[in-house]
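> Next up is a structure, given as structure tokens.
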Amino acid sequence: MQPVAISEPKIGIAKRIWQTLRRGRIYYWPIRTLVQLGFFLLFAGLAIARLNPSFDGARSWVVLPVVASVKAQGGIGSTLDATTLLLSQAVFPWLPIGIMFVVGAVLGRFMCGWICPVGFLQDVITGIKGRVDSVQTRTNEYWIRLKYVLVGITFLISGTLGLALYYGVGSDYKQSLGSDLASGLFIAITPDGTLFGTLPVLLAHSWRFLGTAQASDLSAANLGSWLGSISALTWINILILIGFIYAAWRIPRFWCRYICPVGGIMAVFQKNSLLGMHRDPIKCSNCKECETACPMQIPILDLDWKKFNDSECILCMACIDACPAGALSPKFP
Ligand code: SF4
Ligand code: SF4
């Protein structure tokens with residue numbers, strides 16, 4: 001009897017499991033997924049806890065260079081949010097800036113690949129889609145600059161506000177910005193703030209309303225006035241969240257590539273970080289499987305094989321898993 005030939009599955013997770021079993025190698029993706037999931041649950045779990053009326057939130061006990069909005073009130077905060085919040089109180093943000101320097105110098109953008117809940121959400125969306133699409137190289141390189149512009153705008157708003165307040169002339173400026181924008185541009189608009197902060201609060205309010213409402217309260221007029229009570233910023237946040245999901249479906253790590261200011265700041269450190277990647281030119285057959293698997297579209301084969309630290313590399317190790325020759329590895333220092 002002829003052995004039955006089983007062909008390699010074509011889509012994401014099934015393909016990965018197949019390759020893991022077939023090649024009998026240690027792969028990074030299961031470990032990374034577990035780490036990302038653990039951190040994600042830390043955020044999502046706290047967001048769900050907010051549905052409980054008696055839950056009054058928790059203070060961040062550590063800040064890391066990831067997107068973790070203060071609106072979500074999780075155990076982990078973002079160094080960027082901490083920076084803009086402190087500036088809005090005329091305090092120089094020594095600690096969050098110091099953390100960005102130390103983490104960036106040692107690990108570069110590792111936290112983007114392994115810890116950030118917004119990065120994880122995008123990876124899940126790409127995983128569901130089952131393939132890593134790419135963008136035209138010139139278009140990609142052009143739009144990558146957008147996140148540096150957004151870093152500039154963020155610091156322009158928060159830096160000038162901090163200075164004005166420090167010299168005692170900023171209260172009108174702060175008032176004209178409004179409390180959301182004064183806290184920081186990205187505190188006001190990040191999708192994780194909407195997902196883990198704004199939406200759970202909105203849901204909790206609706207839940208309580210529905211729980212105590214009589215049948216006569218559920219009229220079209222009441223529903224209209226309830227919808228009208230939702231602020232313009234909340235609607236903008238919801239639209240940004242929908243746009244974020246759609247963009248992540250079309251382009252892997254869209255937010256990280258073109259929008260995220262934390263990614264933009266850490267990209268500067270990534271260029272010289274101790275942790276980088278190595279490609280063995282003897283094992284490498286130039287098959288480009290690594291480049292095809294890379295969610296950040298890094299031109300791996302064009303980079304220095306001894307150690308490469310592309311500013312867009314998030315050290316996710318997907319290229320290592322994809323390489324059939326085992327030519328890639330992390331390099332430290
Ligand atoms: S670039 Fe992506 S992974 Fe990195 S902090 Fe921003 S959202 Fe998170
Ligand atoms: S080069 Fe490798 S480690 Fe860096 S982002 Fe691409 S797949 Fe991830």
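Each chain in the structure tokens gets a letter, A, B, ..., in the order shown, and its residues are numbered from 1; ligands are numbered from 1 in order too.
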Write out as a PyMOL selection string each polymer residue (protein, DNA or RNA) that has an atom no more than 6 Å from ligand 1, with only C-alpha atoms and all ligand atoms counted.
chain A and resi 66-67+112-113+116+118-119+256+260+262-263
> For the interface of chain A with ligand 2 (cut-off 8 Å, counting only C-alpha atoms and all ligand atoms), please tabulate each contacting residue of chain A alongside its nearest pair of atoms and their separation in Å to one decimal, rows sorted by chain and increasing number, as CSV.

```
residue,atom,partner,partner_atom_place_in_ligand_line,distance
A:Gly113,CA,ligand 2,8 (Fe),7.3
A:Met277,CA,ligand 2,3 (S),7.0
A:Cys290,CA,ligand 2,7 (S),6.6
A:Glu291,CA,ligand 2,6 (Fe),7.0
A:Ala293,CA,ligand 2,7 (S),6.2
A:Cys294,CA,ligand 2,7 (S),3.7
A:Pro295,CA,ligand 2,6 (Fe),5.9
A:Met296,CA,ligand 2,5 (S),5.2
A:Gln297,CA,ligand 2,6 (Fe),6.4
A:Ile298,CA,ligand 2,1 (S),5.4
A:Pro299,CA,ligand 2,1 (S),7.7
A:Ile300,CA,ligand 2,1 (S),6.0
A:Asp310,CA,ligand 2,4 (Fe),7.5
A:Glu312,CA,ligand 2,5 (S),6.7
A:Cys313,CA,ligand 2,4 (Fe),3.8
A:Ile314,CA,ligand 2,5 (S),4.4
A:Leu315,CA,ligand 2,3 (S),3.6
A:Cys316,CA,ligand 2,8 (Fe),4.0
A:Met317,CA,ligand 2,3 (S),3.9
A:Ala318,CA,ligand 2,7 (S),4.2
A:Cys319,CA,ligand 2,7 (S),4.0
A:Ile320,CA,ligand 2,2 (Fe),6.6
```
> Selection from above, N, CA and C atoms, as a JSON list (two decimals), in the first residue's frame, can you write it?

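Wrote selection_1.json, looks like this:
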```
[["chain", "number", "residue", "atom", "x", "y", "z"],
["A", 113, "GLY", "N", 7.83, 43.73, 19.19],
["A", 113, "GLY", "CA", 7.59, 42.38, 18.67],
["A", 113, "GLY", "C", 7.04, 41.42, 19.70],
["A", 277, "MET", "N", 20.18, 41.21, 14.69],
["A", 277, "MET", "CA", 20.00, 39.95, 13.98],
["A", 277, "MET", "C", 21.25, 39.62, 13.16],
["A", 290, "CYS", "N", 12.69, 34.57, 4.27],
["A", 290, "CYS", "CA", 12.69, 35.46, 5.45],
["A", 290, "CYS", "C", 12.02, 36.78, 5.14],
["A", 291, "GLU", "N", 12.35, 37.35, 3.97],
["A", 291, "GLU", "CA", 11.77, 38.65, 3.61],
["A", 291, "GLU", "C", 10.27, 38.53, 3.40],
["A", 293, "ALA", "N", 8.31, 36.53, 4.95],
["A", 293, "ALA", "CA", 7.63, 36.35, 6.25],
["A", 293, "ALA", "C", 7.68, 37.59, 7.13],
["A", 294, "CYS", "N", 8.55, 38.54, 6.79],
["A", 294, "CYS", "CA", 8.77, 39.68, 7.69],
["A", 294, "CYS", "C", 7.57, 40.64, 7.68],
["A", 295, "PRO", "N", 6.95, 40.88, 8.83],
["A", 295, "PRO", "CA", 5.77, 41.76, 8.86],
["A", 295, "PRO", "C", 6.13, 43.23, 8.64],
["A", 296, "MET", "N", 7.42, 43.57, 8.80],
["A", 296, "MET", "CA", 7.83, 44.97, 8.64],
["A", 296, "MET", "C", 8.52, 45.20, 7.30],
["A", 297, "GLN", "N", 8.51, 44.19, 6.46],
["A", 297, "GLN", "CA", 9.05, 44.33, 5.11],
["A", 297, "GLN", "C", 10.51, 44.80, 5.09],
["A", 298, "ILE", "N", 11.34, 44.17, 5.91],
["A", 298, "ILE", "CA", 12.76, 44.55, 5.98],
["A", 298, "ILE", "C", 13.51, 43.86, 4.84],
["A", 299, "PRO", "N", 14.34, 44.60, 4.10],
["A", 299, "PRO", "CA", 15.12, 43.97, 3.02],
["A", 299, "PRO", "C", 16.33, 43.22, 3.60],
["A", 300, "ILE", "N", 16.06, 42.10, 4.26],
["A", 300, "ILE", "CA", 17.07, 41.40, 5.06],
["A", 300, "ILE", "C", 18.34, 41.08, 4.25],
["A", 310, "ASP", "N", 18.05, 47.06, 11.47],
["A", 310, "ASP", "CA", 17.21, 48.01, 10.71],
["A", 310, "ASP", "C", 16.27, 48.73, 11.69],
["A", 312, "GLU", "N", 13.36, 49.60, 11.40],
["A", 312, "GLU", "CA", 11.98, 49.09, 11.40],
["A", 312, "GLU", "C", 11.87, 47.68, 11.96],
["A", 313, "CYS", "N", 12.99, 47.04, 12.23],
["A", 313, "CYS", "CA", 12.95, 45.65, 12.72],
["A", 313, "CYS", "C", 12.41, 45.62, 14.15],
["A", 314, "ILE", "N", 11.41, 44.79, 14.38],
["A", 314, "ILE", "CA", 10.80, 44.70, 15.72],
["A", 314, "ILE", "C", 11.27, 43.43, 16.45],
["A", 315, "LEU", "N", 12.29, 42.80, 15.91],
["A", 315, "LEU", "CA", 12.92, 41.62, 16.55],
["A", 315, "LEU", "C", 11.91, 40.53, 16.89],
["A", 316, "CYS", "N", 10.96, 40.34, 15.98],
["A", 316, "CYS", "CA", 9.91, 39.35, 16.21],
["A", 316, "CYS", "C", 10.39, 37.93, 15.95],
["A", 317, "MET", "N", 11.49, 37.80, 15.23],
["A", 317, "MET", "CA", 12.13, 36.51, 14.91],
["A", 317, "MET", "C", 11.32, 35.68, 13.90],
["A", 318, "ALA", "N", 10.33, 36.30, 13.25],
["A", 318, "ALA", "CA", 9.55, 35.55, 12.25],
["A", 318, "ALA", "C", 10.45, 35.11, 11.10],
["A", 319, "CYS", "N", 11.48, 35.91, 10.79],
["A", 319, "CYS", "CA", 12.39, 35.56, 9.70],
["A", 319, "CYS", "C", 13.19, 34.30, 10.06],
["A", 320, "ILE", "N", 13.56, 34.17, 11.34],
["A", 320, "ILE", "CA", 14.33, 32.99, 11.77],
["A", 320, "ILE", "C", 13.48, 31.74, 11.56]]
```
> Would you list, as a PyMOL selection string, the residues of region 103-165 of chain A that end up in alpha helix (DSSP H) under DSSP run on this structure's backbone?
chain A and resi 103-107+110-114+117-129+137-144+146-165
> Give the answer as one residue: which of A:Gly243, A:Pro65, A:Gly326, A:Pro30 has the shortest atom-to-atom distance to Asp280 (chain A), using only C-alpha atoms?
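When distances to Asp280 (chain A) are compared using only C-alpha atoms, the smallest one comes from A:Gly326.
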> Could you give me, as a PyMOL selection string, the residues within 8 Å of Val135 (chain A), counting only C-alpha atoms and dropping anything in the same chain fewer than 4 positions from it?
chain A and resi 139-140+251
> Could you save the residues just selected, with N, CA and C atoms, as an mmCIF file, in the first residue's frame?

```cif
data_model
loop_
_atom_site.group_PDB
_atom_site.id
_atom_site.type_symbol
_atom_site.label_atom_id
_atom_site.label_comp_id
_atom_site.auth_asym_id
_atom_site.auth_seq_id
_atom_site.Cartn_x
_atom_site.Cartn_y
_atom_site.Cartn_z
ATOM 1 N N THR A 139 6.511 53.134 -1.758
ATOM 2 C CA THR A 139 5.359 53.612 -0.977
ATOM 3 C C THR A 139 5.618 53.380 0.506
ATOM 4 N N ASN A 140 6.121 52.179 0.809
ATOM 5 C CA ASN A 140 6.407 51.838 2.202
ATOM 6 C C ASN A 140 7.424 52.817 2.799
ATOM 7 N N ILE A 251 -2.529 45.632 5.579
ATOM 8 C CA ILE A 251 -1.059 45.718 5.628
ATOM 9 C C ILE A 251 -0.581 45.261 7.012
#
```
> Smallest atom-to-atom distance to Ala82 (chain A): which of A:Thr198, A:Ile128, A:Arg109, A:Gly184, using only C-alpha atoms?
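Closest to Ala82 (chain A), using only C-alpha atoms: A:Gly184.
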> Can you work out the spacing between CA of Val62 (chain A) and CA of Gly104 (chain A) in Å, to one decimal?
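Distance reported for this atom pair: 16.0 Å.
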> Write down as an MDAnalysis selection string the residues of region 217-284 of chain A whose backbone DSSP state falls under strand (DSSP E).
chainID A and resid 276:279
